[in-house]
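Student: mmCIF, C-alpha atoms, file coords09.cif:
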```cif
data_coords
loop_
_atom_site.label_atom_id
_atom_site.label_comp_id
_atom_site.auth_asym_id
_atom_site.auth_seq_id
_atom_site.Cartn_x
_atom_site.Cartn_y
_atom_site.Cartn_z
CA MET A 1 0.00 0.00 0.00
CA LEU A 2 2.92 2.32 0.78
CA SER A 3 4.19 2.07 -2.78
CA LYS A 4 0.73 3.03 -4.07
CA ILE A 5 0.70 6.09 -1.83
CA ILE A 6 4.16 7.05 -3.07
CA ILE A 7 2.98 6.67 -6.67
CA ILE A 8 -0.05 8.89 -5.97
CA ILE A 9 2.18 11.55 -4.38
CA VAL A 10 4.58 11.39 -7.35
CA ILE A 11 1.66 11.74 -9.76
CA LEU A 12 0.27 14.75 -7.91
CA ALA A 13 3.71 16.38 -7.85
CA TRP A 14 4.07 15.66 -11.57
CA LEU A 15 0.66 17.20 -12.30
CA TYR A 16 1.55 20.28 -10.29
CA LEU A 17 4.84 20.62 -12.14
CA LEU A 18 2.97 20.29 -15.43
CA SER A 19 0.54 23.02 -14.46
CA VAL A 20 3.46 25.32 -13.56
CA LEU A 21 5.21 24.63 -16.86
CA LYS A 22 1.95 25.15 -18.76
CA ARG A 23 1.42 28.53 -17.16
CA ALA A 24 5.04 29.47 -17.78
CA LYS A 25 4.45 28.65 -21.49
CA THR A 26 7.62 26.59 -21.77
CA ALA A 27 6.41 24.19 -24.46
CA ALA A 28 9.56 22.08 -24.69
CA PHE A 29 9.91 21.55 -20.92
CA TYR A 30 6.18 20.90 -20.65
CA PHE A 31 6.44 18.29 -23.38
CA ILE A 32 9.51 16.56 -21.90
CA THR A 33 8.10 16.52 -18.37
CA GLY A 34 4.69 15.33 -19.52
CA ALA A 35 5.99 12.62 -21.85
CA ALA A 36 8.61 11.27 -19.47
CA GLY A 37 6.23 11.35 -16.51
CA LEU A 38 3.38 9.61 -18.30
CA PHE A 39 5.83 7.01 -19.64
CA LEU A 40 7.09 6.20 -16.15
CA ILE A 41 3.58 6.09 -14.71
CA ILE A 42 2.38 3.69 -17.39
CA ILE A 43 5.40 1.44 -16.83
CA LEU A 44 4.83 1.46 -13.05
CA LEU A 45 1.14 0.70 -13.43
CA SER A 46 1.55 -1.96 -16.07
CA LYS A 47 3.04 -4.44 -13.61
CA PRO A 48 1.85 -7.13 -13.48
CA TYR A 49 -1.45 -7.03 -15.34
CA GLY A 50 -0.61 -4.81 -18.31
CA ILE A 51 2.57 -6.72 -19.11
CA TRP A 52 0.77 -10.02 -18.72
CA LEU A 53 -2.03 -8.88 -21.03
CA ILE A 54 0.22 -7.55 -23.79
CA SER A 55 2.56 -10.56 -23.60
CA THR A 56 -0.43 -12.89 -23.83
CA MET A 57 -1.89 -11.01 -26.79
CA ILE A 58 1.37 -10.90 -28.70
CA THR A 59 2.18 -14.56 -28.07
CA TRP A 60 -1.32 -15.51 -29.18
CA VAL A 61 -1.05 -13.61 -32.47
CA VAL A 62 2.45 -15.01 -33.11
CA GLY A 63 0.99 -18.45 -32.36
CA VAL A 64 -1.69 -17.97 -35.00
CA LEU A 65 1.03 -17.23 -37.57
CA GLY A 66 2.99 -20.25 -36.32
CA HIS A 67 -0.09 -22.41 -36.73
CA ILE A 68 -0.73 -21.11 -40.25
CA THR A 69 2.87 -21.68 -41.35
CA GLY A 70 3.21 -24.88 -39.33
CA LEU A 71 6.75 -23.92 -38.37
CA PHE A 72 6.45 -23.29 -34.64
CA ASN A 73 3.93 -23.19 -31.84
CA THR A 74 3.24 -21.06 -28.80
CA PHE A 75 1.78 -21.40 -25.32
CA TYR A 76 0.20 -17.99 -25.11
CA MET A 77 -0.91 -18.12 -21.47
CA SER A 78 2.71 -18.69 -20.46
CA HIS A 79 4.21 -16.43 -23.15
CA VAL A 80 6.34 -19.23 -24.54
CA ILE A 81 7.30 -19.62 -28.20
CA GLN A 82 8.59 -23.09 -29.06
CA VAL A 83 10.55 -23.77 -32.21
CA VAL A 84 11.35 -27.42 -32.77
CA THR A 85 14.04 -28.33 -35.25
CA LYS A 86 15.51 -31.71 -36.10
CA ASN A 87 18.25 -31.39 -33.52
CA SER A 88 16.95 -29.06 -30.87
CA THR A 89 14.05 -27.46 -29.09
CA ASN A 90 14.31 -23.71 -28.77
CA ILE A 91 12.19 -21.82 -26.32
CA PHE A 92 11.91 -18.10 -26.07
CA LEU A 93 9.89 -16.21 -23.55
CA VAL A 94 7.99 -13.03 -24.28
CA ASP A 95 8.65 -11.06 -21.12
CA PHE A 96 8.73 -7.41 -20.05
CA GLU A 97 11.41 -6.24 -22.48
CA CYS A 98 10.14 -8.41 -25.36
CA SER A 99 6.49 -7.47 -25.16
CA GLY A 100 6.79 -4.00 -26.69
CA ILE A 101 5.16 -2.39 -23.65
CA ILE A 102 8.13 -0.05 -23.10
CA GLU A 103 7.96 1.25 -26.67
CA SER A 104 4.17 1.53 -26.42
CA ALA A 105 4.38 3.46 -23.14
CA ALA A 106 7.04 5.78 -24.58
CA TYR A 107 4.92 6.40 -27.66
CA ILE A 108 1.78 7.11 -25.59
CA GLY A 109 3.78 9.54 -23.44
CA LEU A 110 5.15 11.36 -26.47
CA ILE A 111 1.93 11.60 -28.44
CA ALA A 112 -0.18 12.57 -25.40
CA PHE A 113 1.92 15.69 -24.79
CA TYR A 114 2.93 16.52 -28.33
CA PRO A 115 1.56 20.05 -28.69
CA VAL A 116 1.33 20.02 -32.46
CA TYR A 117 -1.79 17.90 -32.73
CA THR A 118 -5.37 18.37 -31.56
CA LEU A 119 -6.85 15.88 -29.11
CA GLN A 120 -8.60 14.00 -31.92
CA GLN A 121 -5.37 13.75 -33.89
CA ARG A 122 -3.51 12.52 -30.83
CA LEU A 123 -6.09 9.81 -30.30
CA LYS A 124 -5.93 8.82 -33.97
CA PHE A 125 -2.14 8.74 -34.13
CA GLY A 126 -2.03 7.08 -30.71
CA VAL A 127 -4.12 4.15 -31.90
CA ILE A 128 -2.24 3.92 -35.21
CA GLY A 129 1.08 3.94 -33.37
CA LEU A 130 0.11 1.28 -30.84
CA VAL A 131 -1.17 -1.01 -33.61
CA THR A 132 2.04 -0.41 -35.58
CA ILE A 133 4.27 -1.21 -32.59
CA PHE A 134 2.26 -4.35 -31.85
CA GLY A 135 2.39 -5.45 -35.50
CA ALA A 136 6.12 -4.76 -35.74
CA ASN A 137 6.77 -6.88 -32.68
CA VAL A 138 4.64 -9.73 -34.06
CA LEU A 139 6.61 -9.52 -37.30
CA ARG A 140 9.93 -9.50 -35.41
CA LEU A 141 9.11 -12.51 -33.22
CA THR A 142 7.68 -14.46 -36.17
CA PHE A 143 10.79 -13.70 -38.21
CA VAL A 144 13.09 -14.89 -35.40
CA ALA A 145 11.08 -18.11 -34.98
CA ILE A 146 11.11 -18.84 -38.72
CA VAL A 147 14.86 -18.23 -39.01
CA ILE A 148 15.50 -20.60 -36.06
CA TYR A 149 13.26 -23.20 -37.65
CA TYR A 150 15.20 -23.16 -40.91
CA PHE A 151 18.73 -22.45 -39.67
CA GLY A 152 18.75 -23.89 -36.14
CA SER A 153 19.51 -22.41 -32.75
CA GLN A 154 22.94 -21.21 -33.87
CA ALA A 155 21.11 -18.61 -35.99
CA PHE A 156 19.33 -17.17 -32.95
CA TYR A 157 21.82 -14.40 -32.32
CA LEU A 158 21.81 -13.24 -35.94
CA ALA A 159 18.03 -13.51 -36.24
CA HIS A 160 17.19 -11.84 -32.97
CA SER A 161 19.98 -9.44 -32.07
CA ILE A 162 20.69 -8.16 -35.57
CA LEU A 163 18.04 -8.86 -38.23
CA GLY A 164 14.96 -8.97 -35.98
CA ARG A 165 15.93 -5.77 -34.23
CA LEU A 166 16.77 -4.13 -37.53
CA ILE A 167 13.27 -4.83 -38.86
CA PHE A 168 11.71 -3.59 -35.64
CA TYR A 169 13.87 -0.48 -35.43
CA VAL A 170 13.19 0.50 -39.06
CA ILE A 171 9.42 0.23 -38.56
CA ILE A 172 9.38 2.10 -35.24
CA ILE A 173 11.76 4.87 -36.31
CA THR A 174 9.70 5.30 -39.50
CA LEU A 175 6.62 5.64 -37.31
CA TYR A 176 8.35 8.26 -35.13
CA TYR A 177 9.51 10.13 -38.22
CA LEU A 178 6.09 10.17 -39.87
CA VAL A 179 4.22 11.18 -36.72
CA PHE A 180 6.64 13.59 -35.10
CA THR A 181 8.80 15.05 -37.86
CA LYS A 182 7.41 14.72 -41.36
CA ALA A 183 4.20 16.58 -40.58
CA GLN A 184 6.30 19.53 -39.37
CA LEU A 185 8.52 19.52 -42.44
CA LEU A 186 5.47 19.53 -44.74
CA ARG A 187 3.88 22.33 -42.74
CA ARG A 188 7.11 24.31 -42.90
CA ASN A 189 7.26 23.92 -46.68
CA LYS A 190 3.69 25.21 -46.93
CA VAL A 191 4.58 28.24 -44.83
CA GLU A 192 7.63 28.95 -46.97
CA HIS A 193 5.47 28.75 -50.14
CA VAL A 194 3.01 31.22 -48.64
CA MET B 1 -11.29 20.17 -30.77
CA LYS B 2 -8.81 21.64 -28.33
CA LEU B 3 -9.14 21.43 -24.59
CA ASN B 4 -7.78 24.15 -22.42
CA SER B 5 -5.10 23.30 -19.88
CA LYS B 6 -7.54 23.15 -16.96
CA TYR B 7 -9.62 20.41 -18.60
CA GLN B 8 -6.50 18.60 -19.78
CA LEU B 9 -5.29 18.42 -16.21
CA ILE B 10 -8.64 17.20 -14.90
CA LEU B 11 -8.82 14.57 -17.66
CA SER B 12 -5.24 13.41 -17.08
CA THR B 13 -5.80 13.16 -13.32
CA ALA B 14 -8.99 11.17 -13.78
CA ILE B 15 -7.42 8.73 -16.23
CA ILE B 16 -4.36 8.21 -14.08
CA LEU B 17 -6.28 7.69 -10.85
CA VAL B 18 -8.66 5.21 -12.47
CA THR B 19 -5.74 3.32 -14.02
CA LEU B 20 -3.85 3.39 -10.75
CA PHE B 21 -6.54 1.56 -8.86
CA ILE B 22 -7.20 -1.11 -11.47
CA PRO B 23 -4.45 -3.36 -10.01
CA LEU B 24 -5.95 -2.91 -6.53
CA ILE B 25 -9.18 -4.55 -7.62
CA ASN B 26 -9.15 -8.18 -6.54
CA VAL B 27 -8.67 -9.67 -9.98
CA HIS B 28 -7.71 -13.30 -10.14
CA ALA B 29 -5.72 -13.61 -13.31
CA ALA B 30 -5.88 -16.99 -15.01
CA SER B 31 -3.03 -19.27 -14.12
CA SER B 32 -0.16 -18.79 -16.49
CA ASP B 33 1.58 -22.03 -15.60
CA LEU B 34 2.48 -23.85 -18.76
CA ILE B 35 1.86 -27.35 -17.39
CA THR B 36 -0.28 -28.47 -14.47
CA ILE B 37 1.30 -31.28 -12.46
CA ASP B 38 -1.76 -33.43 -11.94
CA GLY B 39 -1.14 -36.70 -13.78
CA ASN B 40 -3.14 -35.59 -16.81
CA PHE B 41 -0.99 -35.04 -19.82
CA ASN B 42 -3.19 -33.10 -22.25
CA ASP B 43 -1.11 -29.98 -21.72
CA TRP B 44 1.95 -31.80 -23.12
CA LYS B 45 0.38 -32.51 -26.51
CA ASN B 46 2.09 -29.59 -28.27
CA VAL B 47 5.48 -30.06 -26.63
CA LYS B 48 8.06 -31.89 -28.69
CA LYS B 49 8.84 -35.33 -27.30
CA GLN B 50 12.13 -37.00 -27.89
CA ARG B 51 12.53 -40.77 -28.19
CA ILE B 52 15.36 -41.98 -26.00
CA THR B 53 16.21 -45.61 -25.39
CA ALA B 54 16.98 -46.92 -21.95
CA PRO B 55 20.76 -47.18 -21.37
CA ASN B 56 22.21 -50.24 -23.10
CA GLN B 57 18.79 -51.17 -24.47
CA PRO B 58 18.89 -50.76 -28.23
CA ASP B 59 15.57 -49.78 -29.65
CA ASP B 60 15.51 -52.45 -32.34
CA ILE B 61 15.97 -55.33 -29.88
CA ASN B 62 14.05 -54.46 -26.77
CA HIS B 63 11.84 -51.57 -27.79
CA SER B 64 12.64 -49.96 -24.44
CA VAL B 65 12.02 -46.55 -25.78
CA ARG B 66 11.15 -43.71 -23.47
CA GLU B 67 9.47 -40.53 -24.64
CA VAL B 68 11.01 -37.54 -22.93
CA ALA B 69 10.24 -33.84 -23.18
CA MET B 70 11.27 -30.67 -21.43
CA ILE B 71 9.95 -27.14 -21.62
CA THR B 72 10.26 -24.03 -19.50
CA ASP B 73 8.43 -20.82 -18.76
CA ALA B 74 9.28 -17.84 -16.57
CA ASN B 75 8.91 -19.77 -13.29
CA TYR B 76 9.43 -23.47 -13.85
CA VAL B 77 11.19 -26.17 -15.83
CA TYR B 78 8.82 -28.98 -16.76
CA ILE B 79 9.88 -32.54 -17.60
CA TYR B 80 7.84 -35.39 -19.05
CA ILE B 81 8.86 -39.04 -19.25
CA ASP B 82 6.82 -41.89 -20.69
CA THR B 83 8.90 -44.77 -19.33
CA GLN B 84 7.89 -47.59 -21.63
CA LYS B 85 6.20 -46.05 -24.63
CA ASP B 86 6.80 -48.66 -27.34
CA ARG B 87 6.50 -51.83 -25.26
CA TYR B 88 3.21 -50.68 -23.78
CA ASP B 89 1.82 -49.69 -27.17
CA LYS B 90 2.84 -53.10 -28.53
CA ASN B 91 1.47 -54.88 -25.47
CA MET B 92 4.88 -56.33 -24.56
CA TYR B 93 6.09 -57.41 -21.14
CA ASP B 94 7.97 -54.50 -19.62
CA ALA B 95 10.88 -56.51 -18.15
CA GLY B 96 11.25 -54.07 -15.31
CA TYR B 97 12.14 -51.08 -17.38
CA SER B 98 8.94 -49.13 -16.79
CA ASN B 99 9.62 -48.20 -13.15
CA VAL B 100 10.29 -44.58 -12.44
CA LEU B 101 13.78 -44.39 -11.05
CA PRO B 102 13.77 -42.45 -7.76
CA GLY B 103 17.04 -40.59 -8.29
CA ASP B 104 20.08 -39.64 -10.34
CA TYR B 105 18.19 -37.04 -12.35
CA HIS B 106 20.27 -34.10 -13.50
CA LEU B 107 19.60 -30.70 -14.98
CA LYS B 108 22.45 -28.73 -16.45
CA ILE B 109 21.73 -25.01 -16.30
CA GLY B 110 24.33 -23.39 -18.50
CA ASP B 111 27.52 -24.93 -17.14
CA LYS B 112 26.10 -25.82 -13.70
CA ASP B 113 24.76 -29.27 -12.93
CA ILE B 114 22.12 -29.90 -10.28
CA GLY B 115 20.83 -33.31 -9.23
CA PHE B 116 17.34 -34.10 -8.02
CA HIS B 117 15.40 -37.10 -6.79
CA MET B 118 11.82 -38.17 -6.08
CA PRO B 119 11.52 -40.41 -3.02
CA ALA B 120 7.83 -41.15 -3.69
CA TYR B 121 8.79 -43.53 -6.48
CA ASN B 122 10.61 -46.83 -6.30
CA ARG B 123 11.03 -50.17 -7.99
CA GLU B 124 7.95 -51.58 -6.26
CA MET B 125 5.52 -49.12 -7.78
CA ASN B 126 4.48 -51.47 -10.59
CA ASN B 127 3.30 -53.98 -7.99
CA THR B 128 1.50 -51.53 -5.75
CA LEU B 129 -0.25 -49.19 -8.19
CA THR B 130 -3.44 -50.01 -10.06
CA ASP B 131 -4.30 -49.05 -13.63
CA LYS B 132 -4.54 -45.27 -14.14
CA GLN B 133 -3.71 -44.58 -10.50
CA ILE B 134 -1.88 -41.30 -9.92
CA LEU B 135 0.93 -40.99 -7.39
CA THR B 136 2.18 -37.51 -6.55
CA GLY B 137 5.31 -36.51 -4.68
CA ASP B 138 7.91 -33.84 -4.10
CA VAL B 139 11.08 -33.32 -6.07
CA LEU B 140 14.08 -32.82 -3.79
CA LEU B 141 17.46 -31.33 -4.48
CA GLY B 142 20.35 -33.79 -4.75
CA ALA B 143 20.80 -36.66 -7.16
CA TRP B 144 20.17 -39.12 -4.31
CA PRO B 145 18.61 -38.68 -0.85
CA GLY B 146 20.74 -36.71 1.57
CA TYR B 147 20.08 -34.88 4.81
CA GLN B 148 17.15 -32.41 4.84
CA ASP B 149 17.11 -31.99 1.07
CA PRO B 150 15.13 -28.90 0.09
CA VAL B 151 11.98 -29.31 -1.98
CA ILE B 152 12.47 -27.82 -5.43
CA GLY B 153 9.43 -29.11 -7.26
CA GLN B 154 6.47 -31.44 -7.57
CA ALA B 155 5.88 -34.61 -9.58
CA ALA B 156 2.99 -36.84 -10.59
CA VAL B 157 3.06 -40.33 -12.08
CA ARG B 158 0.14 -42.07 -13.74
CA HIS B 159 0.40 -45.84 -13.84
CA TYR B 160 -0.95 -47.91 -16.75
CA LYS B 161 -1.55 -51.66 -16.91
CA LYS B 162 -2.98 -53.80 -19.71
CA ASN B 163 -2.51 -57.57 -19.96
CA ILE B 164 1.23 -58.08 -19.50
CA ALA B 165 2.25 -54.55 -20.45
CA VAL B 166 3.00 -51.85 -17.90
CA ASP B 167 3.79 -48.18 -18.34
CA ASN B 168 4.32 -45.16 -16.12
CA ILE B 169 4.13 -41.58 -17.30
CA LEU B 170 5.84 -38.98 -15.15
CA GLU B 171 5.51 -35.23 -15.21
CA LEU B 172 7.40 -32.94 -12.89
CA ARG B 173 8.25 -29.32 -12.50
CA LEU B 174 11.27 -27.68 -10.94
CA SER B 175 10.80 -24.24 -9.43
CA LYS B 176 13.44 -21.74 -10.53
CA VAL B 177 12.81 -19.72 -7.35
CA ALA B 178 13.23 -22.79 -5.12
CA ILE B 179 16.47 -23.71 -6.89
CA GLU B 180 17.75 -20.16 -6.39
CA LYS B 181 16.79 -20.30 -2.71
CA SER B 182 19.03 -23.33 -2.42
CA GLY B 183 21.93 -21.14 -3.43
CA ILE B 184 22.13 -22.16 -7.07
CA LYS B 185 21.86 -19.28 -9.50
CA PHE B 186 19.28 -19.86 -12.22
CA PRO B 187 19.97 -17.40 -15.05
CA GLN B 188 16.93 -15.94 -16.72
CA HIS B 189 17.93 -17.41 -20.06
CA SER B 190 20.18 -20.40 -20.48
CA LYS B 191 20.74 -23.70 -22.18
CA LEU B 192 19.08 -26.53 -20.23
CA VAL B 193 20.09 -30.19 -20.49
CA PHE B 194 18.15 -32.93 -18.74
CA TYR B 195 19.63 -36.41 -18.31
CA ASN B 196 19.70 -39.46 -16.11
CA PRO B 197 22.61 -41.81 -16.84
CA GLN B 198 20.86 -44.81 -15.30
CA PHE B 199 17.48 -44.26 -16.86
CA LEU B 200 18.05 -42.59 -20.19
CA GLY B 201 20.53 -43.38 -22.95
CA GLY B 202 20.55 -39.74 -24.04
CA ALA B 203 19.69 -36.24 -22.96
CA VAL B 204 17.10 -33.62 -23.77
CA THR B 205 18.39 -30.15 -24.52
CA ILE B 206 16.47 -26.92 -24.88
CA SER B 207 17.72 -23.41 -25.45
CA ASP B 208 15.84 -20.88 -23.39
CA SER B 209 16.23 -17.36 -24.72
CA GLY B 210 14.65 -14.01 -24.27
CA ALA B 211 13.96 -11.78 -27.21
CA PRO B 212 14.12 -8.17 -26.01
CA THR B 213 13.49 -5.49 -28.56
CA GLY B 214 16.14 -3.12 -27.22
CA PRO B 215 13.30 -0.94 -25.92
CA TRP B 216 15.20 1.69 -23.94
CA ILE B 217 17.22 2.77 -26.96
CA LEU B 218 14.03 3.07 -29.01
CA ALA B 219 12.31 5.08 -26.28
CA GLY B 220 15.28 7.48 -26.30
CA ILE B 221 15.21 7.75 -30.09
CA GLY B 222 11.48 8.49 -29.91
CA MET B 223 12.06 11.33 -27.48
CA MET B 224 14.78 12.83 -29.70
CA VAL B 225 12.68 12.59 -32.86
CA ALA B 226 9.71 14.17 -31.08
CA LEU B 227 11.87 16.99 -29.73
CA PHE B 228 13.19 17.59 -33.23
CA GLY B 229 9.60 17.74 -34.48
CA LEU B 230 8.67 20.12 -31.69
CA LYS B 231 11.57 22.40 -32.61
CA ARG B 232 10.34 22.42 -36.20
CA TYR B 233 6.87 23.21 -34.99
CA GLN B 234 8.11 26.18 -32.98
CA ASP B 235 10.16 27.40 -35.98
CA ASN B 236 7.06 27.10 -38.17
CA ASN B 237 5.03 29.13 -35.75
CA LYS B 238 7.66 31.87 -35.75
CA GLY B 239 7.64 31.76 -39.55
CA GLN B 240 3.87 32.02 -39.64
CA GLU B 241 3.99 35.00 -37.28
CA ARG B 242 6.50 36.68 -39.59
CA VAL B 243 4.24 35.99 -42.64
CA LYS B 244 1.26 37.50 -40.82
#
```
Output the file's structure as structure tokens, nothing else.
Tutor:
Amino acid sequence: MLSKIIIIIVILAWLYLLSVLKRAKTAAFYFITGAAGLFLIIILLSKPYGIWLISTMITWVVGVLGHITGLFNTFYMSHVIQVVTKNSTNIFLVDFECSGIIESAAYIGLIAFYPVYTLQQRLKFGVIGLVTIFGANVLRLTFVAIVIYYFGSQAFYLAHSILGRLIFYVIIITLYYLVFTKAQLLRRNKVEHV
Amino acid sequence: MKLNSKYQLILSTAIILVTLFIPLINVHAASSDLITIDGNFNDWKNVKKQRITAPNQPDDINHSVREVAMITDANYVYIYIDTQKDRYDKNMYDAGYSNVLPGDYHLKIGDKDIGFHMPAYNREMNNTLTDKQILTGDVLLGAWPGYQDPVIGQAAVRHYKKNIAVDNILELRLSKVAIEKSGIKFPQHSKLVFYNPQFLGGAVTISDSGAPTGPWILAGIGMMVALFGLKRYQDNNKGQERVK
């Protein structure tokens, strides 16, 4: 209970700080404080239920793809992906850092306090972003499982640490670019043409 | 639709407080254990089973083939052994090879080897158990009984009898937390090898890995990209003011 009280106090202090920054009209500090604070709060609150839910959902969807391809199977309630090859059984667990919840929380924090968009736009881009992050993670985990199936456990490092991450990073950084930067560049061009 | 800062604050506070108390509600999440140790083996149907002959019992002569499987989740390592798969299926006399050996089980965790035993089982079980009877017991640390061995898991055996054929199917789980409490470090991700030199002519190996996305780097990149966008936005606004 003490930790909950501490969290509530931290949240109230954070809200007060936000109100001060809002009144001071310091957009950048307001944005950074808001985004970082909301990110931390979501991460704190997501244990254990949020992480469990997202890990279950992602393992289930990956399992559907495994079932369709017939290359691997999952135990979604336990967040286990099993890839069986001729010589070995490879298990990987979808846990806190694999579930995509950190990226999702960071994205929610950023979009919620990004001053460029209206509330409706934030909601729209928020949903699009969360679906994109989820889809990218499904793609990454499926890719790793398929590579292990065809090339064995010795390919795990290459598939996961290099190629899988590369795919995931490209998708997520593209998302960040399109949502947070490209719109501004286009707007700037319009202004210059005016 | 733009909300002023007062309503934004009220909305944010409401959302956060509601979210905060969701975990306090007495929600019983469904069990996330991969396998239930109860002597029913339906939950093993999608786990790969490996055929391993008994030591010095070539498959083609004696058909003393055991089916063995291992899998792990965040909390436990689960092991399955069908002691006399082929002979039972072919209705052959088991010749004493279907008993569950009480000890000399080993699990290699990375480069560390731990032994465990199950005192509930012995060579008399085929005479004392009836068809489909389940016998449960603890799994204790140490390859053979010692002094005050700590409990590190649970096991269940279901006994099968038909005509002259006998079979026993064992499932057990080892608690990673209990093993750690015994002073043996159980890394979050490692290569696991299960073997019993007296009972199995081979070993079962699984590679347990995590697959983190590298999330903290991405969160940092997101913040930088957004700040860059914000800077652009502020520049645009200045530009627009100049145009006006």
Student: Expand the PyMOL selection byres ((chain B and resi 173) around 10) into the individual residues it matches in the shown file, reporting them as an MDAnalysis selection string.
Tutor: chainID B and resid 35:37 70:72 75:80 138:139 152:156 171:172 174:176
Student: Compile the residues of chain A that lie within 6 Å of chain B, evaluated using only C-alpha atoms, and express the compilation as a PyMOL selection string.
Tutor: chain A and resi 77-78+89-93+97-98+102-103+106+118+180-181+184+188
Student: For A:Asn137, which residue among A:Lys47, A:Lys86, A:Lys124, A:Arg165 is the nearest when counting all atoms listed in the file?
Tutor: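 Counting all atoms listed in the file, the residue closest to A:Asn137 is A:Arg165.
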Student: For A:Leu38, which residue among A:Ser104, A:Thr142, A:Ser153, A:Thr174 is the nearest when counting only C-alpha atoms?
Tutor: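 The shortest atom-to-atom distance to A:Leu38 comes from A:Ser104.
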Student: Provide an axis-aligned box for all listed atoms of stretch 108-126 of chain B, padding each side by 4 Å; report its centre and its edge lengths in Å to one decimal, as AutoDock Vina command-line options.
Tutor:
```
--center_x 16.0 --center_y -37.5 --center_z -10.8 --size_x 31.0 --size_y 36.2 --size_z 23.5
```
Student: So what does the PyMOL selection byres ((chain A and resi 11) around 9) actually pick up in this one, as a VMD selection string?
Tutor: (chain A and resid 6 to 10 12 to 16 37 to 38 41) or (chain B and resid 13 16 to 17)
Student: Could you tell me how far atom CA of A:Leu40 lies from atom CA of A:Leu163, in Å and to one decimal?
Tutor: 28.9 Å
Student: Can you work out which one of A:Tyr157, A:Phe125, A:Tyr30, A:Tyr107 has the shortest atom-to-atom distance to A:Ile173, counting all atoms listed in the file?
Tutor: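 The closest residue to A:Ile173 is A:Tyr107.
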Student: Between atom CA of A:Lys25 and atom CA of A:Leu119, what distance in Å does the model show, to one decimal?
Tutor: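 Taking atom CA of A:Lys25 and atom CA of A:Leu119, their separation equals 18.7 Å.
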Student: If the PyMOL selection byres ((chain A and resi 33) around 10) is run on the structure shown, which residues does it catch, given as a list in words?
Tutor: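 When the PyMOL selection byres ((chain A and resi 33) around 10) is applied, the selected residues are Trp14, Leu15, Leu17, Leu18, Leu21, Ala27, Ala28, Phe29, Tyr30, Phe31, Ile32, Gly34, Ala35, Ala36, Gly37, Leu38, Phe39, Gly109 and Phe113 of chain A.
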Student: What separation in Å, quoted to one decimal, exists between atom CA of A:Leu130 and atom CA of A:Ser3?
Tutor: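 About the pair atom CA of A:Leu130 and atom CA of A:Ser3: they are 28.4 Å apart.
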Student: Set the distance at 7 Å and use all atoms listed in the file: which residues neighbour A:Leu71 once local chain neighbours fewer than 4 positions away are removed? I'd like the list as an NGL selection string.
Tutor: :A and (66 or 146 or 149)
Student: Can you tell me which residues surround B:Tyr93 at a distance of at most 7 Å, considering only C-alpha atoms, apart from same-chain residues fewer than 5 positions away, and format the answer as a list in words?
Tutor: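 Non-adjacent residues within range: Arg87, Ile164 and Ala165 of chain B.
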Student: Just give me the residues with any atom within 12 Å of (10.9, -36.2, -4.3), file coordinates, counting all atoms listed in the file, written as an NGL selection string.
Tutor: :B and (100-105 or 115-122 or 135-146 or 148-157 or 172-174)
Student: Put those residues in a file: C-alpha atoms, as a compact mmCIF listing (two decimals), in the frame of the given file.
Tutor:
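Wrote out.txt, looks like this:
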```
# COMPACT_ATOMS: atom_id res chain seq x y z
CA VAL B 100 10.29 -44.58 -12.44
CA LEU B 101 13.78 -44.39 -11.05
CA PRO B 102 13.77 -42.45 -7.76
CA GLY B 103 17.04 -40.59 -8.29
CA ASP B 104 20.08 -39.64 -10.34
CA TYR B 105 18.19 -37.04 -12.35
CA GLY B 115 20.83 -33.31 -9.23
CA PHE B 116 17.34 -34.10 -8.02
CA HIS B 117 15.40 -37.10 -6.79
CA MET B 118 11.82 -38.17 -6.08
CA PRO B 119 11.52 -40.41 -3.02
CA ALA B 120 7.83 -41.15 -3.69
CA TYR B 121 8.79 -43.53 -6.48
CA ASN B 122 10.61 -46.83 -6.30
CA LEU B 135 0.93 -40.99 -7.39
CA THR B 136 2.18 -37.51 -6.55
CA GLY B 137 5.31 -36.51 -4.68
CA ASP B 138 7.91 -33.84 -4.10
CA VAL B 139 11.08 -33.32 -6.07
CA LEU B 140 14.08 -32.82 -3.79
CA LEU B 141 17.46 -31.33 -4.48
CA GLY B 142 20.35 -33.79 -4.75
CA ALA B 143 20.80 -36.66 -7.16
CA TRP B 144 20.17 -39.12 -4.31
CA PRO B 145 18.61 -38.68 -0.85
CA GLY B 146 20.74 -36.71 1.57
CA GLN B 148 17.15 -32.41 4.84
CA ASP B 149 17.11 -31.99 1.07
CA PRO B 150 15.13 -28.90 0.09
CA VAL B 151 11.98 -29.31 -1.98
CA ILE B 152 12.47 -27.82 -5.43
CA GLY B 153 9.43 -29.11 -7.26
CA GLN B 154 6.47 -31.44 -7.57
CA ALA B 155 5.88 -34.61 -9.58
CA ALA B 156 2.99 -36.84 -10.59
CA VAL B 157 3.06 -40.33 -12.08
CA LEU B 172 7.40 -32.94 -12.89
CA ARG B 173 8.25 -29.32 -12.50
CA LEU B 174 11.27 -27.68 -10.94
```
Student: Show me the residues around (19.9, -48.1, -20.5) - criterion: an atom at most 10 Å away, all atoms listed in the file counted - as a list in words.
Tutor: Ile52, Thr53, Ala54, Pro55, Asn56, Gln57, Pro58, Ser64, Val65, Tyr97, Asn196, Pro197, Gln198, Phe199, Leu200, Gly201 and Gly202 of chain B
